[in-house]
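To keep things clear, I will list the structure first and then write my remarks on it.
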Amino acid sequence: MKLTLGFSPCPNDTFIFDALIHHKIDTEGLDFEVFFDDVETLNQKAFRAELDVTKLSFHAFAHVYEQYALLDAGSALGFGVGPMLIAKDPALTEKKDPGAHLRVGIPGKYTTANFLLGIAFPHLLNKRELVFSAIEGELLAGNIDLGLIIHENRFTYEDKGLHKVVDLGNYWEELTGCAIPLGGIVVNRRLEQEIQEKMNRVLRKSVEYAFSHPKSALDFIRSHAQEMDESVMYKHIELYVNKYSADLGQEGRKAIDILFKLAQEKGLIAPLSREIYLMA
């Protein structure tokens with residue numbers, strides 16, 4: 001049986017899906033038509049229920065859980081990997097509560113970064129959606145007052161003379177004691193339950209194979225990582241692929257449940273009306 005599968009070309013995703021799509025493991029009769037897209041594009045595809053299986057942000061998942069169930073395998077949760085709110089004006093770093101009038105550049109409405117920003121500062125509503133890599137430049141040009149940065153920009157903003165206002169990863173960890181739920185892998189509920197459970201099993205096997213054979217996926221990772229140095233690729237993987245990627249377990253599920261509970265309390269999402277996890 002062939003399933004449509006969407007994930008990003010980022011090293012963490014290509015690392016965990018390599019064994020699955022290249023049949024380095026027993027896929028139990030499943031085959032895949034793969035679509036490579038950035039996570040915000042995958043979020044939009046999920047809103048249209050286009051794919052059988054897809055990566056998406058947990059913010060987006062809160063809006064499509066009735067069409068998709070969350071797999072126990074494949075999620076990205078972690079410590080020390082959260083988004084950061086930064087500014088050009090150092091005076092803004094001294095304010096614990098940024099003013100509601102400030103213009104904020106965000107890397108996408110349905111990103112988990114914006115989800116966390118809404119939980120921490122629900123009054124910041126003057127938001128502008130930008131490509132994540134353009135946010136620093138817009139700050140430097142004075143077109144926005146605050147920038148919500150993700151990915152490698154966490155490690156470059158200071159070199160450009162920009163300043164940290166708040167590390168939302170630290171905010172989340174101090175508030176909850178949990179890892180930050182960034183993105184997950186979901187399966188379309190229209191598929192037969194047996195297929196959904198099979199998808200969960202083979203993805204877990206793919207993650208476990210990647211952990212056991214970390215260099216096996218190197219060519220595949222490199223082919224989608226553009227000019228990224230090999231050491232940088234694997235640092236990226238180490239940040240986002242961990243025990244939660246093989247199996248959410250109780251800790252991972254607790255982190256996701258708290259994220260959705262806080263978002264409901266802040267009025268960011270409606271109360272959930274059904275179980276969000278794949279029920280085997």
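Residue names in the structure tokens use chain letters A, B, ... in the order shown, residue numbers from 1 in each chain, and ligand numbers from 1 in the order shown.
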DSSP-assigned strand (DSSP E) members of stretch 12-226 of chain A, reported as a VMD selection string: chain A and resid 31 to 36 53 to 57 68 to 70 76 to 78 84 to 87 104 to 106 127 to 129 146 to 149 163 to 167 180 to 188
Can you tell me which residues surround A:Gln67 at a distance of at most 12 Å, considering only C-alpha atoms, apart from same-chain residues fewer than 3 positions away, and format the answer as JSON, numbers by chain? {"A": [45, 46, 47, 48, 49, 50, 51, 52, 53, 54, 60, 61, 62, 63, 64, 70, 186, 187, 188, 189, 190, 191, 274, 275, 276, 277, 278]}
What's the 10 Å shell around A:Leu77, counting only C-alpha atoms, without same-chain residues fewer than 5 positions away, as a ChimeraX atom specification? /A:82,178-184,239-245,248,252,255-256
Based on the selection just made, write all heavy atoms of those residues as a short mmCIF file (atom, residue, chain, number, x, y, z; two decimals), in the first residue's frame.
```cif
data_model
loop_
_atom_site.label_atom_id
_atom_site.label_comp_id
_atom_site.auth_asym_id
_atom_site.auth_seq_id
_atom_site.Cartn_x
_atom_site.Cartn_y
_atom_site.Cartn_z
N GLY A 82 14.40 26.11 22.12
CA GLY A 82 13.21 26.93 21.89
C GLY A 82 13.48 28.20 21.11
O GLY A 82 14.62 28.61 20.91
N CYS A 178 9.13 20.70 31.45
CA CYS A 178 9.03 19.74 30.35
C CYS A 178 9.88 20.16 29.15
O CYS A 178 10.25 21.33 29.01
CB CYS A 178 7.58 19.61 29.89
SG CYS A 178 6.44 18.96 31.10
N ALA A 179 10.13 19.19 28.27
CA ALA A 179 10.73 19.49 26.98
C ALA A 179 9.73 20.30 26.15
O ALA A 179 8.52 20.22 26.36
CB ALA A 179 11.10 18.20 26.26
N ILE A 180 10.24 21.07 25.20
CA ILE A 180 9.36 21.87 24.34
C ILE A 180 8.85 21.00 23.20
O ILE A 180 9.65 20.44 22.44
CB ILE A 180 10.12 23.06 23.74
CG1 ILE A 180 10.75 23.91 24.83
CG2 ILE A 180 9.19 23.90 22.88
CD1 ILE A 180 11.73 24.92 24.29
N PRO A 181 7.54 20.86 23.03
CA PRO A 181 7.01 20.13 21.87
C PRO A 181 7.04 21.03 20.63
O PRO A 181 6.35 22.05 20.58
CB PRO A 181 5.57 19.80 22.28
CG PRO A 181 5.45 20.18 23.73
CD PRO A 181 6.47 21.26 23.95
N LEU A 182 7.86 20.69 19.67
CA LEU A 182 8.01 21.52 18.49
C LEU A 182 7.16 21.02 17.32
O LEU A 182 6.33 21.73 16.79
CB LEU A 182 9.49 21.60 18.10
CG LEU A 182 10.40 22.22 19.16
CD1 LEU A 182 11.86 22.00 18.83
CD2 LEU A 182 10.09 23.70 19.31
N GLY A 183 7.40 19.78 16.91
CA GLY A 183 6.64 19.23 15.79
C GLY A 183 6.42 17.75 15.96
O GLY A 183 7.16 17.07 16.69
N GLY A 184 5.41 17.24 15.29
CA GLY A 184 5.10 15.82 15.39
C GLY A 184 4.75 15.23 14.04
O GLY A 184 4.65 15.94 13.04
N LEU A 239 20.11 18.15 18.22
CA LEU A 239 19.20 19.08 18.88
C LEU A 239 17.77 18.58 18.87
O LEU A 239 17.02 18.77 19.84
CB LEU A 239 19.25 20.46 18.19
CG LEU A 239 20.38 21.41 18.57
CD1 LEU A 239 20.29 22.67 17.72
CD2 LEU A 239 20.32 21.78 20.05
N TYR A 240 17.35 17.96 17.77
CA TYR A 240 15.93 17.69 17.57
C TYR A 240 15.54 16.22 17.55
O TYR A 240 14.35 15.90 17.55
CB TYR A 240 15.46 18.35 16.26
CG TYR A 240 15.64 19.85 16.26
CD1 TYR A 240 16.63 20.46 15.51
CD2 TYR A 240 14.81 20.65 17.05
CE1 TYR A 240 16.79 21.84 15.52
CE2 TYR A 240 14.97 22.03 17.07
CZ TYR A 240 15.96 22.62 16.30
OH TYR A 240 16.12 23.97 16.33
N VAL A 241 16.52 15.31 17.51
CA VAL A 241 16.19 13.88 17.49
C VAL A 241 16.72 13.25 18.78
O VAL A 241 17.91 13.29 19.06
CB VAL A 241 16.81 13.18 16.26
CG1 VAL A 241 16.35 11.71 16.21
CG2 VAL A 241 16.40 13.89 14.97
N ASN A 242 15.81 12.69 19.57
CA ASN A 242 16.18 12.13 20.87
C ASN A 242 15.21 11.02 21.24
O ASN A 242 14.50 10.50 20.36
CB ASN A 242 16.21 13.24 21.93
CG ASN A 242 14.92 14.07 21.91
OD1 ASN A 242 13.83 13.55 21.78
ND2 ASN A 242 15.07 15.39 22.02
N LYS A 243 15.15 10.67 22.51
CA LYS A 243 14.31 9.55 22.93
C LYS A 243 12.84 9.78 22.60
O LYS A 243 12.10 8.82 22.34
CB LYS A 243 14.47 9.30 24.43
CG LYS A 243 13.96 10.43 25.32
CD LYS A 243 14.11 10.08 26.80
CE LYS A 243 13.54 11.16 27.71
NZ LYS A 243 13.65 10.82 29.14
N TYR A 244 12.40 11.04 22.58
CA TYR A 244 11.01 11.32 22.27
C TYR A 244 10.69 11.04 20.80
O TYR A 244 9.53 10.84 20.45
CB TYR A 244 10.68 12.79 22.57
CG TYR A 244 10.92 13.20 24.00
CD1 TYR A 244 11.92 14.11 24.32
CD2 TYR A 244 10.16 12.68 25.04
CE1 TYR A 244 12.15 14.50 25.62
CE2 TYR A 244 10.38 13.06 26.35
CZ TYR A 244 11.38 13.97 26.64
OH TYR A 244 11.61 14.36 27.94
N SER A 245 11.72 11.03 19.96
CA SER A 245 11.51 10.76 18.54
C SER A 245 11.21 9.29 18.29
O SER A 245 10.52 8.96 17.32
CB SER A 245 12.75 11.17 17.73
OG SER A 245 13.09 12.52 17.98
N LEU A 248 7.13 8.86 22.28
CA LEU A 248 6.80 9.99 23.16
C LEU A 248 6.86 9.60 24.63
O LEU A 248 7.37 10.35 25.46
CB LEU A 248 5.41 10.53 22.84
CG LEU A 248 5.25 11.40 21.61
CD1 LEU A 248 3.78 11.64 21.33
CD2 LEU A 248 5.99 12.72 21.78
N GLY A 252 6.74 12.74 27.15
CA GLY A 252 6.44 13.47 25.92
C GLY A 252 4.97 13.85 25.83
O GLY A 252 4.62 14.98 25.48
N ALA A 255 4.16 16.75 28.15
CA ALA A 255 4.58 18.05 27.62
C ALA A 255 3.56 18.57 26.61
O ALA A 255 3.19 19.76 26.63
CB ALA A 255 5.95 17.93 26.97
N ILE A 256 3.08 17.71 25.73
CA ILE A 256 2.10 18.11 24.72
C ILE A 256 0.78 18.48 25.38
O ILE A 256 0.15 19.49 25.03
CB ILE A 256 1.91 16.98 23.69
CG1 ILE A 256 3.22 16.75 22.93
CG2 ILE A 256 0.79 17.30 22.72
CD1 ILE A 256 3.27 15.43 22.18
#
```
Straight-line distance linking atom CA of A:Leu71 with atom CA of A:Glu197, stated in Å to one decimal: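 Taking atom CA of A:Leu71 as the start and atom CA of A:Glu197 as the end point, the length is 8.5 Å.
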Can you list, as a PyMOL selection string, every protein, DNA or RNA residue that comes within 10 Å of stretch 97-102 of chain A when you count only C-alpha atoms, leaving out same-chain residues fewer than 3 positions away? chain A and resi 92-94+105+120-127+144-146+165-166
Which of A:Met233, A:Val104, A:Ile25, A:Met228 sits closest to A:Asn143 [using only C-alpha atoms]: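 Going through A:Met233, A:Val104, A:Ile25, A:Met228 one by one, the smallest distance to A:Asn143 is for A:Val104.
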To one decimal in Å, tell me the separation between atom CA of A:Tyr157 and atom CA of A:Glu138.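 Distance between the two atoms: 12.2 Å.
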Applying 12 Å and only C-alpha atoms, which residues near A:Leu262 remain after dropping the ones on its own chain fewer than 2 positions away? List them as a VMD selection string. chain A and resid 115 to 120 122 172 175 to 176 255 to 260 264 to 271
